[in-house]
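For reference, the structure is listed below as structure tokens.
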Amino acid sequence: MNSQREVYSESSSWPAVLVLTIILIAAILGLFYETAWSMVSIWYRSETFAHGFIIVPITLWLIWEKRSTLRQFVPQPEYRVLLLLVGGGFLWLIGYLADALVIQQLALVSILIFGIWTLLGNQITWALAFPLAFLFFAVPMGEDLVPPLMEITATATVYLIKLTGVPVYREGLFFSLPSGDWSVVEACSGVRYLIASVTLGALYAYMTYNRLSKRALFILAAAIVPIIANSLRAYIIVMLGHLSDMKIATGVDHLVYGWLFFGLVMLILFSIGAIWRDPHQKPNEDVNQADSRRDVKYNRFFAALSIVLLSASVWPILAYAMDNRATLIDDKQLVLPGRLAGWEAASASSDAWLPQFNGASQIVHGQYHNDQQQIGVSIGHYALRNKGAELINSQNLLLEKDERKWRITDSNKVTIQINGRPLEIDQITIKGADQIYQVLTWYRIGDVYTSSRYKAKLLEAFYRLTFGRQDSARVVISIPREIARNDIIDPEQEFLDQLMPALETTLDRLVNNQ
């Protein structure tokens, strides 16, 4: 009888704490509603991240499965975790100022977890470690893996085709067989398979194994296997098309074969993983009984809830203040230098390749020519921070995703010298039906140059956090070539040496130091 009263006393604190936890979660999602909604909208519009809709239900189910373990503990607020919560809030602010949506979303999940940890304490959070960590799979991330995965897929596919004895000619992500032409596009990268495999693999490892080492090894296998399998899938599809004279595996069946193959690979992976499964562990009913009989002081939970919400609310307020501070923008028109020594300026020709600058405040295209050649110069200037129209995002590309006339056949990082100073840039080869361009491009964030998207994002956040300049630009130099080449000849070097100071003066005039 005493034991029953004890259990009732232990569990009776949970209804009130559960209500406070729900209030905490709802309040944090309300404070960061734009970030939360951005996750949901991506789940809705992107097939790659549609699995996000089931992450929360799975997490709730995993927590429900832990209910017998949770009854052993009495919640006790842990205020030291507030330091981590503050760190998560600062990370969100950096992501907000840099327009890095994935950083904001990761930070939001972290704030939720740290808030729950602060309210419920160490024992309960440790018991719920995996269900809470599983929430990170709800964050739509992995787009930056697409280019390297496409390269891996193309390289492996061409290698396997050559091993088969079929002649193949490769140019970047495009390759040709005697039977027809193929290209590796984003849908062929295998990023969907990889994300689905790692998500399912983590869940399977948690439910199948008790030892952390086993779980880590299985998750690692779940990350490696789909990359290898996707290359095999691409090879099989190309060979089916080749052997059937391009009659099968070139349309919708292309996708059907891919998902069937992925399903088979996952079945094999899980079947092998089941061989080493661990026996199910029953919760230890005698754990921390002394702690579980401690009196619950509800005023501590109200205090913890208040402190967590105050700590979390600081960051949206700071973001609002930074968004609405006074800015001084010059209304001058962005123009290219009219003439450089030995080079005359002209308008861009109608048949020339021109880069895209989605959302730019001002765009200018021009051409310079001397007696022997011509060089194209394009600048996209971004004077202010506008959501959805950032200089650097997944949609702002030199070529539109559905571009048919032009294609990128080579891309690499190189360091050039401009007026004796090294500058790392992206060098890209772009080809059309009968035209080839050597493209040199880099970013100017404030007054700093970089070709790294990540460094550019950090610089944007730094300038905004320190109330510095908010402007940024992308510079694109396009040089027509008869054949693809990666070097710069002397007249082109002299042109760049003259162009850079003129561009700096022009861009600095557009935006006052803020």
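By order of appearance in the structure tokens: chains A, B, ..., then residues from 1 within every chain, and ligands from 1 in the order shown.
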
Using 12 Å as the limit and counting only C-alpha atoms, can you tabulate each residue of region 386-442 of chain A that touches region 454-462 of chain A, with its shortest atom-to-atom distance in Å and the two atoms involved, as JSON lines?
{"residue": "A:Glu390", "atom": "CA", "partner": "A:Lys457", "partner_atom": "CA", "distance": 10.2}
{"residue": "A:Leu391", "atom": "CA", "partner": "A:Lys457", "partner_atom": "CA", "distance": 9.4}
{"residue": "A:Ile392", "atom": "CA", "partner": "A:Lys457", "partner_atom": "CA", "distance": 7.5}
{"residue": "A:Asn393", "atom": "CA", "partner": "A:Lys457", "partner_atom": "CA", "distance": 9.6}
{"residue": "A:Trp442", "atom": "CA", "partner": "A:Ala456", "partner_atom": "CA", "distance": 9.9}

Prev. selection, N, CA, C and O atoms, output as an mmCIF file, in the first residue's frame:
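And here's again-v2.cif as it stands now:
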data_model
loop_
_atom_site.group_PDB
_atom_site.id
_atom_site.type_symbol
_atom_site.label_atom_id
_atom_site.label_comp_id
_atom_site.auth_asym_id
_atom_site.auth_seq_id
_atom_site.Cartn_x
_atom_site.Cartn_y
_atom_site.Cartn_z
ATOM 1 N N GLU A 390 18.604 37.180 -51.361
ATOM 2 C CA GLU A 390 19.972 37.306 -50.859
ATOM 3 C C GLU A 390 20.976 37.049 -51.975
ATOM 4 O O GLU A 390 20.687 36.344 -52.948
ATOM 5 N N LEU A 391 22.160 37.607 -51.801
ATOM 6 C CA LEU A 391 23.241 37.346 -52.740
ATOM 7 C C LEU A 391 23.577 35.863 -52.773
ATOM 8 O O LEU A 391 23.804 35.280 -53.838
ATOM 9 N N ILE A 392 23.616 35.250 -51.598
ATOM 10 C CA ILE A 392 24.026 33.848 -51.512
ATOM 11 C C ILE A 392 22.873 33.019 -50.963
ATOM 12 O O ILE A 392 22.521 33.123 -49.785
ATOM 13 N N ASN A 393 22.253 32.253 -51.818
ATOM 14 C CA ASN A 393 21.283 31.250 -51.400
ATOM 15 C C ASN A 393 21.246 30.147 -52.447
ATOM 16 O O ASN A 393 21.907 30.242 -53.488
ATOM 17 N N TRP A 442 33.833 36.214 -58.088
ATOM 18 C CA TRP A 442 34.083 36.308 -56.648
ATOM 19 C C TRP A 442 33.042 37.248 -56.030
ATOM 20 O O TRP A 442 32.304 37.933 -56.730
#

### Task
Compile the contact shell of region 86-100 of chain A as a ChimeraX atom specification: residues with an atom at most 9 Å away, counting only C-alpha atoms, same-chain residues fewer than 5 positions apart removed.
/A:81,105-111,114,311-316,318-319,322-323,385-388,390,392-393,456-465

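Atom pair CA of Ala383 (chain A) / CA of Ser472 (chain A) has a distance of 6.5 Å (rounded to one decimal).
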
### Query
Which of region 387-493 of chain A counts as helix (DSSP H, G or I) under DSSP, as a count of residues only please?
17

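Shell of Ile488 (chain A) at 12 Å, with only C-alpha atoms counted and residues fewer than 2 places along the chain excluded, is Ile375, Val414, Thr415, Ile416, Gln417, Ile418, Gln427, Gln438, Val439, Leu440, Ile477, Ser478, Ile479, Pro480, Arg481, Ala484, Arg485, Asn486, Asp490, Pro491, Glu492, Gln493, Glu494, Phe495 and Leu496 of chain A.
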
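Shortest separation to Arg407 (chain A) among A:Gly115, A:Gly366, A:Pro355, A:Gly468 occurs at residue A:Pro355, atoms counted being only C-alpha atoms.
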
### Query
So, counting only C-alpha atoms, which residue among A:Ile103, A:Ile227, A:Gly165, A:Thr199 is closest to Ile152 (chain A)?
A:Ile227

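You will find CA of Val335 (chain A) at 10.4 Å from CA of Ser378 (chain A).
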
### Message
Which residues are near region 35-45 of chain A? Cut-off 10 Å, only C-alpha atoms, ignore same chain within fewer than 2 positions. Put them as an MDAnalysis selection string.
### Response
chainID A and resid 28:33 47:53 92 96 101:109 138:140

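Restricting the calculation to only C-alpha atoms, the smallest distance between Glu504 (chain A) and any of A:Asp487, A:Asp447, A:Glu344, A:Asp371 is found for A:Asp447.
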